[in-house]
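Visitor: This is the content of structure.cif (mmCIF, C-alpha atoms):
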data_input
loop_
_atom_site.group_PDB
_atom_site.id
_atom_site.type_symbol
_atom_site.label_atom_id
_atom_site.label_comp_id
_atom_site.auth_asym_id
_atom_site.auth_seq_id
_atom_site.Cartn_x
_atom_site.Cartn_y
_atom_site.Cartn_z
ATOM 1 C CA MET A 15 -85.263 -14.230 -122.382
ATOM 2 C CA GLU A 16 -86.215 -17.648 -121.058
ATOM 3 C CA LEU A 17 -82.628 -18.200 -119.836
ATOM 4 C CA SER A 18 -82.735 -14.915 -117.911
ATOM 5 C CA ILE A 19 -86.003 -15.971 -116.224
ATOM 6 C CA LYS A 20 -84.470 -19.313 -115.182
ATOM 7 C CA LYS A 21 -81.387 -17.568 -113.781
ATOM 8 C CA GLY A 22 -83.610 -15.161 -111.861
ATOM 9 C CA GLN A 23 -85.640 -18.060 -110.481
ATOM 10 C CA ILE A 24 -82.455 -19.855 -109.351
ATOM 11 C CA LEU A 25 -81.209 -16.741 -107.588
ATOM 12 C CA LEU A 26 -84.609 -16.314 -105.918
ATOM 13 C CA ASN A 27 -84.598 -19.937 -104.759
ATOM 14 C CA LYS A 28 -81.070 -19.556 -103.381
ATOM 15 C CA THR A 29 -82.103 -16.388 -101.528
ATOM 16 C CA GLN A 30 -85.174 -18.114 -100.068
ATOM 17 C CA THR A 31 -83.110 -21.162 -99.073
ATOM 18 C CA LYS A 32 -80.558 -18.944 -97.379
ATOM 19 C CA LYS A 33 -83.316 -17.148 -95.464
ATOM 20 C CA ARG A 34 -84.821 -20.463 -94.376
ATOM 21 C CA LEU A 35 -81.437 -21.695 -93.151
ATOM 22 C CA ILE A 36 -80.903 -18.468 -91.216
ATOM 23 C CA TYR A 37 -84.391 -18.794 -89.726
ATOM 24 C CA VAL A 38 -83.815 -22.432 -88.736
ATOM 25 C CA GLY A 39 -80.398 -21.564 -87.266
ATOM 26 C CA LEU A 40 -81.835 -18.707 -85.222
ATOM 27 C CA THR A 41 -84.709 -20.916 -84.039
ATOM 28 C CA ILE A 42 -82.265 -23.615 -82.880
ATOM 29 C CA LEU A 43 -80.070 -21.014 -81.184
ATOM 30 C CA ILE A 44 -83.022 -19.474 -79.360
ATOM 31 C CA ALA A 45 -84.335 -22.894 -78.315
ATOM 32 C CA PHE A 46 -80.883 -23.923 -77.087
ATOM 33 C CA SER A 47 -80.533 -20.668 -75.137
ATOM 34 C CA VAL A 48 -83.943 -21.153 -73.517
ATOM 35 C CA ILE A 49 -83.017 -24.724 -72.515
ATOM 36 C CA LEU A 50 -79.732 -23.519 -71.008
ATOM 37 C CA LEU A 51 -81.539 -20.813 -69.063
ATOM 38 C CA PHE A 52 -84.125 -23.335 -67.867
ATOM 39 C CA LEU A 53 -81.480 -25.783 -66.697
ATOM 40 C CA ASN A 54 -79.196 -23.268 -65.012
ATOM 41 C CA PHE A 55 -81.431 -20.452 -63.755
ATOM 42 C CA GLU A 56 -83.556 -21.344 -60.726
ATOM 43 C CA GLY A 57 -85.858 -18.389 -61.304
ATOM 44 C CA PHE A 58 -86.854 -19.654 -64.749
ATOM 45 C CA PRO A 59 -90.532 -20.760 -64.862
ATOM 46 C CA GLY A 60 -90.859 -24.477 -64.122
ATOM 47 C CA HIS A 61 -87.262 -24.957 -62.948
ATOM 48 C CA LYS A 62 -88.013 -25.384 -59.249
ATOM 49 C CA LYS A 63 -91.101 -27.497 -59.898
ATOM 50 C CA LEU A 64 -89.147 -29.961 -62.041
ATOM 51 C CA LYS A 65 -86.314 -30.032 -59.516
ATOM 52 C CA ILE A 66 -88.737 -30.894 -56.701
ATOM 53 C CA SER A 67 -90.391 -33.558 -58.833
ATOM 54 C CA LEU A 68 -87.084 -35.186 -59.729
ATOM 55 C CA THR A 69 -85.843 -35.064 -56.142
ATOM 56 C CA SER A 70 -88.964 -36.860 -54.892
ATOM 57 C CA ARG A 71 -88.312 -39.616 -57.434
ATOM 58 C CA LEU A 72 -84.585 -39.952 -56.685
ATOM 59 C CA VAL A 73 -84.521 -39.841 -52.878
ATOM 60 C CA LYS A 74 -85.079 -42.932 -50.752
ATOM 61 C CA VAL A 75 -84.703 -42.997 -46.978
ATOM 62 C CA VAL A 76 -85.148 -46.036 -44.724
ATOM 63 C CA HIS A 77 -84.058 -45.263 -41.179
ATOM 64 C CA LEU A 78 -83.363 -47.582 -38.299
ATOM 65 C CA PRO A 79 -86.278 -47.726 -35.826
ATOM 66 C CA ASP A 80 -86.179 -45.422 -32.826
ATOM 67 C CA ASN A 81 -85.312 -48.295 -30.489
ATOM 68 C CA PHE A 82 -82.782 -49.742 -32.896
ATOM 69 C CA ASN A 83 -80.289 -50.654 -30.152
ATOM 70 C CA ASN A 84 -82.805 -53.190 -28.843
ATOM 71 C CA SER A 85 -83.923 -54.535 -32.225
ATOM 72 C CA TYR A 86 -80.622 -54.210 -34.082
ATOM 73 C CA PRO A 87 -77.580 -54.719 -31.819
ATOM 74 C CA GLN A 88 -74.616 -52.557 -32.796
ATOM 75 C CA SER A 89 -72.396 -55.612 -33.237
ATOM 76 C CA LYS A 90 -74.637 -56.789 -36.071
ATOM 77 C CA ASN A 91 -74.692 -53.414 -37.844
ATOM 78 C CA VAL A 92 -72.224 -51.956 -40.317
ATOM 79 C CA ILE A 93 -72.277 -48.619 -42.150
ATOM 80 C CA TYR A 94 -71.233 -48.646 -45.791
ATOM 81 C CA VAL A 95 -70.428 -45.355 -47.535
ATOM 82 C CA LEU A 96 -70.955 -45.496 -51.286
ATOM 83 C CA GLY A 97 -67.940 -44.568 -53.393
ATOM 84 C CA GLY A 98 -67.701 -41.220 -55.153
ATOM 85 C CA GLY A 99 -65.606 -38.124 -55.716
ATOM 86 C CA GLN A 100 -63.975 -36.278 -52.845
ATOM 87 C CA LYS A 101 -66.597 -33.534 -52.728
ATOM 88 C CA SER A 102 -69.446 -36.024 -52.393
ATOM 89 C CA LEU A 103 -67.488 -38.238 -49.996
ATOM 90 C CA LYS A 104 -66.998 -35.360 -47.558
ATOM 91 C CA HIS A 105 -70.784 -35.018 -47.257
ATOM 92 C CA ARG A 106 -71.290 -38.770 -47.053
ATOM 93 C CA PHE A 107 -68.627 -39.186 -44.389
ATOM 94 C CA LYS A 108 -70.325 -36.552 -42.213
ATOM 95 C CA ALA A 109 -73.627 -38.420 -42.435
ATOM 96 C CA ALA A 110 -71.957 -41.770 -41.747
ATOM 97 C CA VAL A 111 -69.993 -40.454 -38.765
ATOM 98 C CA SER A 112 -73.153 -38.916 -37.316
ATOM 99 C CA LEU A 113 -74.707 -42.390 -37.323
ATOM 100 C CA TYR A 114 -71.518 -43.853 -35.886
ATOM 101 C CA HIS A 115 -71.585 -41.389 -32.979
ATOM 102 C CA GLN A 116 -75.236 -42.299 -32.370
ATOM 103 C CA ASP A 117 -74.063 -45.907 -31.902
ATOM 104 C CA ALA A 118 -75.939 -47.096 -34.963
ATOM 105 C CA ALA A 119 -72.897 -49.229 -35.838
ATOM 106 C CA GLY A 120 -69.383 -49.822 -34.587
ATOM 107 C CA LYS A 121 -67.763 -50.160 -38.010
ATOM 108 C CA ILE A 122 -67.650 -47.970 -41.109
ATOM 109 C CA LEU A 123 -66.889 -49.635 -44.410
ATOM 110 C CA ILE A 124 -65.677 -47.624 -47.409
ATOM 111 C CA LEU A 125 -64.871 -48.519 -50.984
ATOM 112 C CA SER A 126 -61.196 -49.175 -51.622
ATOM 113 C CA ARG A 127 -60.095 -47.100 -54.619
ATOM 114 C CA GLN A 128 -56.889 -47.137 -56.600
ATOM 115 C CA GLY A 129 -54.922 -43.970 -57.322
ATOM 116 C CA ILE A 130 -53.503 -41.006 -55.463
ATOM 117 C CA THR A 131 -54.881 -37.668 -54.376
ATOM 118 C CA GLU A 132 -53.604 -34.482 -52.749
ATOM 119 C CA TYR A 133 -50.041 -33.933 -51.553
ATOM 120 C CA ASP A 134 -49.284 -34.413 -47.866
ATOM 121 C CA PRO A 135 -46.404 -32.151 -46.713
ATOM 122 C CA LEU A 136 -45.774 -34.304 -43.622
ATOM 123 C CA LEU A 137 -45.398 -37.518 -45.584
ATOM 124 C CA LYS A 138 -43.777 -35.629 -48.462
ATOM 125 C CA ARG A 139 -45.834 -37.537 -50.997
ATOM 126 C CA ASN A 140 -49.349 -37.743 -52.376
ATOM 127 C CA LEU A 141 -51.883 -39.619 -50.307
ATOM 128 C CA THR A 142 -53.565 -42.661 -51.777
ATOM 129 C CA ASN A 143 -57.336 -42.400 -52.126
ATOM 130 C CA ASN A 144 -57.766 -44.819 -49.230
ATOM 131 C CA GLU A 145 -55.413 -42.853 -46.975
ATOM 132 C CA TRP A 146 -57.274 -39.645 -47.758
ATOM 133 C CA ALA A 147 -60.651 -41.252 -46.954
ATOM 134 C CA ILE A 148 -59.451 -42.855 -43.724
ATOM 135 C CA ASN A 149 -57.851 -39.579 -42.594
ATOM 136 C CA LYS A 150 -61.114 -37.709 -43.187
ATOM 137 C CA LEU A 151 -63.051 -40.203 -41.071
ATOM 138 C CA ILE A 152 -60.463 -40.058 -38.299
ATOM 139 C CA GLU A 153 -60.685 -36.243 -38.332
ATOM 140 C CA LEU A 154 -64.445 -36.628 -37.785
ATOM 141 C CA GLY A 155 -63.869 -38.786 -34.710
ATOM 142 C CA VAL A 156 -63.832 -42.382 -35.921
ATOM 143 C CA GLU A 157 -61.215 -44.727 -34.481
ATOM 144 C CA LYS A 158 -58.920 -46.079 -37.195
ATOM 145 C CA GLU A 159 -59.554 -49.693 -36.189
ATOM 146 C CA ASN A 160 -63.260 -49.138 -36.901
ATOM 147 C CA ILE A 161 -62.661 -48.164 -40.519
ATOM 148 C CA GLU A 162 -62.249 -50.736 -43.252
ATOM 149 C CA ALA A 163 -61.698 -50.303 -46.988
ATOM 150 C CA ALA A 164 -63.436 -53.022 -49.009
ATOM 151 C CA THR A 165 -61.897 -54.158 -52.266
ATOM 152 C CA ILE A 166 -64.356 -55.212 -54.957
ATOM 153 C CA GLU A 167 -64.212 -56.111 -58.616
ATOM 154 C CA GLU A 168 -65.141 -52.852 -60.285
ATOM 155 C CA GLY A 169 -67.179 -52.779 -63.470
ATOM 156 C CA VAL A 170 -68.452 -50.151 -65.870
ATOM 157 C CA PHE A 171 -71.355 -49.280 -63.567
ATOM 158 C CA GLY A 172 -69.966 -48.321 -60.169
ATOM 159 C CA THR A 173 -73.104 -48.544 -58.035
ATOM 160 C CA LEU A 174 -74.027 -51.874 -59.629
ATOM 161 C CA SER A 175 -70.566 -53.282 -58.844
ATOM 162 C CA GLU A 176 -70.886 -52.198 -55.214
ATOM 163 C CA ALA A 177 -74.381 -53.668 -54.925
ATOM 164 C CA LYS A 178 -73.180 -57.009 -56.299
ATOM 165 C CA SER A 179 -70.166 -57.310 -53.982
ATOM 166 C CA ILE A 180 -70.775 -55.468 -50.710
ATOM 167 C CA PRO A 181 -73.730 -57.557 -49.399
ATOM 168 C CA GLN A 182 -71.655 -60.726 -49.777
ATOM 169 C CA ILE A 183 -68.683 -59.132 -48.014
ATOM 170 C CA ILE A 184 -70.953 -57.937 -45.212
ATOM 171 C CA LYS A 185 -72.506 -61.364 -44.786
ATOM 172 C CA GLU A 186 -69.104 -63.066 -44.671
ATOM 173 C CA ARG A 187 -68.058 -60.737 -41.854
ATOM 174 C CA GLY A 188 -71.025 -61.805 -39.744
ATOM 175 C CA TYR A 189 -73.183 -58.683 -40.026
ATOM 176 C CA SER A 190 -76.927 -58.905 -40.541
ATOM 177 C CA ASN A 191 -77.832 -55.215 -40.921
ATOM 178 C CA LEU A 192 -76.377 -52.998 -43.636
ATOM 179 C CA ILE A 193 -76.718 -49.238 -43.254
ATOM 180 C CA LEU A 194 -76.083 -47.490 -46.569
ATOM 181 C CA VAL A 195 -75.047 -43.845 -46.837
ATOM 182 C CA SER A 196 -74.983 -41.879 -50.083
ATOM 183 C CA SER A 197 -75.781 -38.483 -51.562
ATOM 184 C CA SER A 198 -79.477 -37.657 -51.275
ATOM 185 C CA TYR A 199 -80.191 -37.719 -55.033
ATOM 186 C CA HIS A 200 -78.310 -41.017 -55.375
ATOM 187 C CA THR A 201 -80.201 -42.952 -52.693
ATOM 188 C CA MET A 202 -83.004 -44.442 -54.818
ATOM 189 C CA ARG A 203 -80.581 -45.980 -57.320
ATOM 190 C CA VAL A 204 -78.506 -47.312 -54.426
ATOM 191 C CA TRP A 205 -81.606 -48.754 -52.787
ATOM 192 C CA VAL A 206 -82.979 -50.585 -55.835
ATOM 193 C CA SER A 207 -79.500 -51.923 -56.659
ATOM 194 C CA PHE A 208 -78.666 -53.233 -53.192
ATOM 195 C CA SER A 209 -82.180 -54.580 -52.647
ATOM 196 C CA LYS A 210 -81.753 -56.697 -55.772
ATOM 197 C CA PHE A 211 -78.512 -58.334 -54.665
ATOM 198 C CA ALA A 212 -79.148 -58.499 -50.910
ATOM 199 C CA GLU A 213 -82.499 -60.269 -51.079
ATOM 200 C CA ASP A 214 -80.939 -63.752 -50.793
ATOM 201 C CA LYS A 215 -78.368 -62.731 -48.149
ATOM 202 C CA GLU A 216 -80.801 -62.388 -45.215
ATOM 203 C CA LEU A 217 -79.674 -58.811 -44.691
ATOM 204 C CA ASP A 218 -81.806 -55.976 -43.398
ATOM 205 C CA LEU A 219 -81.117 -52.826 -45.397
ATOM 206 C CA PHE A 220 -81.342 -49.231 -44.236
ATOM 207 C CA ILE A 221 -80.385 -46.117 -46.151
ATOM 208 C CA TYR A 222 -79.534 -42.574 -45.086
ATOM 209 C CA ARG A 223 -78.957 -39.548 -47.253
ATOM 210 C CA ALA A 224 -76.088 -37.112 -47.044
ATOM 211 C CA GLU A 225 -76.831 -33.442 -47.680
ATOM 212 C CA ASP A 226 -75.029 -33.418 -50.993
ATOM 213 C CA HIS A 227 -77.306 -31.712 -53.508
ATOM 214 C CA ALA A 228 -77.178 -31.602 -57.295
ATOM 215 C CA ASN A 229 -78.277 -28.952 -59.772
ATOM 216 C CA LEU A 230 -81.054 -29.654 -62.266
ATOM 217 C CA ILE A 231 -78.652 -31.041 -64.871
ATOM 218 C CA GLY A 232 -77.232 -33.443 -62.297
ATOM 219 C CA LEU A 233 -80.721 -34.517 -61.233
ATOM 220 C CA LEU A 234 -81.783 -35.187 -64.811
ATOM 221 C CA PHE A 235 -78.639 -37.229 -65.422
ATOM 222 C CA GLU A 236 -79.281 -39.255 -62.262
ATOM 223 C CA TYR A 237 -82.924 -39.771 -63.250
ATOM 224 C CA PHE A 238 -81.945 -41.295 -66.600
ATOM 225 C CA LYS A 239 -79.371 -43.496 -64.872
ATOM 226 C CA LEU A 240 -82.054 -44.713 -62.454
ATOM 227 C CA ILE A 241 -84.393 -45.582 -65.329
ATOM 228 C CA PHE A 242 -81.549 -47.420 -67.105
ATOM 229 C CA TYR A 243 -80.773 -49.420 -63.964
ATOM 230 C CA GLU A 244 -84.420 -50.306 -63.315
ATOM 231 C CA ARG A 245 -85.324 -51.300 -66.855
ATOM 232 C CA PHE A 246 -82.135 -52.930 -68.052
ATOM 233 C CA LEU A 247 -79.380 -53.646 -65.529
ATOM 234 C CA LEU A 248 -81.561 -54.927 -62.678
ATOM 235 C CA GLN A 249 -83.989 -57.025 -64.712
#
For this file, produce the structure as structure tokens.
Guide:
Amino acid sequence: MELSIKKGQILLNKTQTKKRLIYVGLTILIAFSVILLFLNFEGFPGHKKLKISLTSRLVKVVHLPDNFNNSYPQSKNVIYVLGGGQKSLKHRFKAAVSLYHQDAAGKILILSRQGITEYDPLLKRNLTNNEWAINKLIELGVEKENIEAATIEEGVFGTLSEAKSIPQIIKERGYSNLILVSSSYHTMRVWVSFSKFAEDKELDLFIYRAEDHANLIGLLFEYFKLIFYERFLLQ
């Protein structure tokens, strides 16, 4: 009799445990689904508000003054386009070339990158990353002699590597004003990084944003990268 009661109790406990596990699993699934909806669906309550809040934290713009040709002669100015993927670079190149055509600077500097990209039927081979970038700038109206690809020692953190090397390269070439161009949500991290390594180079920094927007997931990722840079890498 007592053995039967114990067996019944064990079965009951197993049933209750199974129900709890099912309940926990469903709760996690529902929570995960809600998070996915929140991150990917703009109409979800709070999505737009968080996106606006993150954007205000991630965007930094410092423009040349209205009379910049008097205060900052073109010969002393250079535009540097932060490195990135082709999709982002297309937006950044448009912003950089717009400044170039406004006579903000006579030279555009890009990051030299190893590797190849799309196939060119005229050359009958794949373009290198540098050839692709230079061609895009030429298509937008920049003279080839006014484009330069800068080679730097790349590290794990791309923006940090650029911030460490580019100000020194700029200074060695005789420029005193560095105009940075990057995706809008990337500009604050660019600004804090370059400000750190340009402070002893007697360079005036300016930064413009390209209309290259990220979704909420991208903004959150960039926000955590900014915090990591500020609290660890740039200390």
Visitor: Report, in Å with one decimal, the straight-line distance from atom CA of Asn144 of chain A to atom CA of Leu125 of chain A.
Guide: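 These atoms are spaced 8.2 Å apart.
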Visitor: For the interface of segment 57-162 of chain A with segment 167-173 of chain A (cut-off 12 Å, counting all atoms listed in the file), please tabulate each contacting residue of segment 57-162 of chain A alongside its nearest pair of atoms and their separation in Å to one decimal, rows sorted by chain and increasing number, as a tab-separated table.
Guide:
residue	atom	partner	partner_atom	distance
A:Val95	CA	A:Thr173	CA	11.3
A:Leu96	CA	A:Thr173	CA	7.7
A:Gly97	CA	A:Thr173	CA	8.0
A:Gly98	CA	A:Gly172	CA	9.0
A:Gly99	CA	A:Gly172	CA	12.0
A:Leu125	CA	A:Glu168	CA	10.3
A:Ser126	CA	A:Glu168	CA	10.2
A:Arg127	CA	A:Glu168	CA	9.5
A:Gln128	CA	A:Glu168	CA	10.7
Visitor: Starting from the shown file, work through the PyMOL selection byres ((chain A and resi 196-211) around 8) and note down what comes out as number ranges by chain.
Guide: A: 69, 71-75, 95-96, 102, 105-106, 173-174, 177-178, 181, 194-195, 212-215, 219, 221-228, 233, 236, 240, 243-244, 248
Visitor: Please expand the PyMOL selection byres ((chain A and resi 151) around 12) into the concrete residues it hits in this file, giving the result as an MDAnalysis selection string.
Guide: chainID A and resid 95 103:112 114:115 121:124 144:150 152:163
Visitor: Record the distance separating atom CA of Glu216 of chain A and atom CA of Phe246 of chain A, expressed in Å with one decimal.
Guide: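 Separating atom CA of Glu216 of chain A from atom CA of Phe246 of chain A is a distance of 24.8 Å.
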Visitor: Pick out the residues sitting within 12 Å of Asn83 of chain A, and hand them over as a PDB file with C-alpha atoms, in the coordinates of the input; count all atoms listed in the file, and ignore anything fewer than 5 positions along from it in its own chain.
Guide:
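Result went into around_7.pdb, see below:
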ATOM      1  CA  LEU A  78     -83.363 -47.582 -38.299  1.00  0.00           C
ATOM      2  CA  GLN A  88     -74.616 -52.557 -32.796  1.00  0.00           C
ATOM      3  CA  SER A  89     -72.396 -55.612 -33.237  1.00  0.00           C
ATOM      4  CA  LYS A  90     -74.637 -56.789 -36.071  1.00  0.00           C
ATOM      5  CA  ASN A  91     -74.692 -53.414 -37.844  1.00  0.00           C
ATOM      6  CA  GLN A 116     -75.236 -42.299 -32.370  1.00  0.00           C
ATOM      7  CA  ASP A 117     -74.063 -45.907 -31.902  1.00  0.00           C
ATOM      8  CA  ALA A 118     -75.939 -47.096 -34.963  1.00  0.00           C
ATOM      9  CA  ALA A 119     -72.897 -49.229 -35.838  1.00  0.00           C
ATOM     10  CA  GLY A 120     -69.383 -49.822 -34.587  1.00  0.00           C
ATOM     11  CA  ASN A 191     -77.832 -55.215 -40.921  1.00  0.00           C
TER      12      ASN A 191
END
Visitor: Can you list, as a PyMOL selection string, the residues that the PyMOL selection byres ((chain A and resi 131) around 9) selects here?
Guide: chain A and resi 129-130+132-133+140-143+146
Visitor: Keeping C-alpha atoms, export the residues of the selection given above as a short mmCIF file (atom, residue, chain, number, x, y, z; two decimals), in the frame of the given file.
Guide:
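Final output, saved to again_19.cif:
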data_model
loop_
_atom_site.label_atom_id
_atom_site.label_comp_id
_atom_site.auth_asym_id
_atom_site.auth_seq_id
_atom_site.Cartn_x
_atom_site.Cartn_y
_atom_site.Cartn_z
CA GLY A 129 -54.92 -43.97 -57.32
CA ILE A 130 -53.50 -41.01 -55.46
CA GLU A 132 -53.60 -34.48 -52.75
CA TYR A 133 -50.04 -33.93 -51.55
CA ASN A 140 -49.35 -37.74 -52.38
CA LEU A 141 -51.88 -39.62 -50.31
CA THR A 142 -53.56 -42.66 -51.78
CA ASN A 143 -57.34 -42.40 -52.13
CA TRP A 146 -57.27 -39.65 -47.76
#
Visitor: Could you jot down the atom CA of Glu176 of chain A to atom CA of Asp80 of chain A separation for me, Å, one decimal place?
Guide: 27.9 Å
Visitor: Of the candidates A:Ile166, A:Ile49, A:Asp218, A:Gly232, which one gets nearest to Val76 of chain A if we count all atoms listed in the file?
Guide: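 Counting all atoms listed in the file, the residue closest to Val76 of chain A is A:Asp218.
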Visitor: Quick one: of A:Ile231, A:Ser85, A:Lys101, A:Leu50, who's nearest to Leu68 of chain A, counting all atoms listed in the file?
Guide: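 Using all atoms listed in the file, Leu68 of chain A sits closest to A:Ile231.
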Visitor: Please report, as JSON, the centre and edge lengths in Å to one decimal of an axis-aligned box covering all listed atoms of segment 88-107 of chain A with 6 Å per side.
Guide:
{"center_x": -69.3, "center_y": -45.2, "center_z": -44.3, "size_x": 22.7, "size_y": 35.3, "size_z": 34.9}
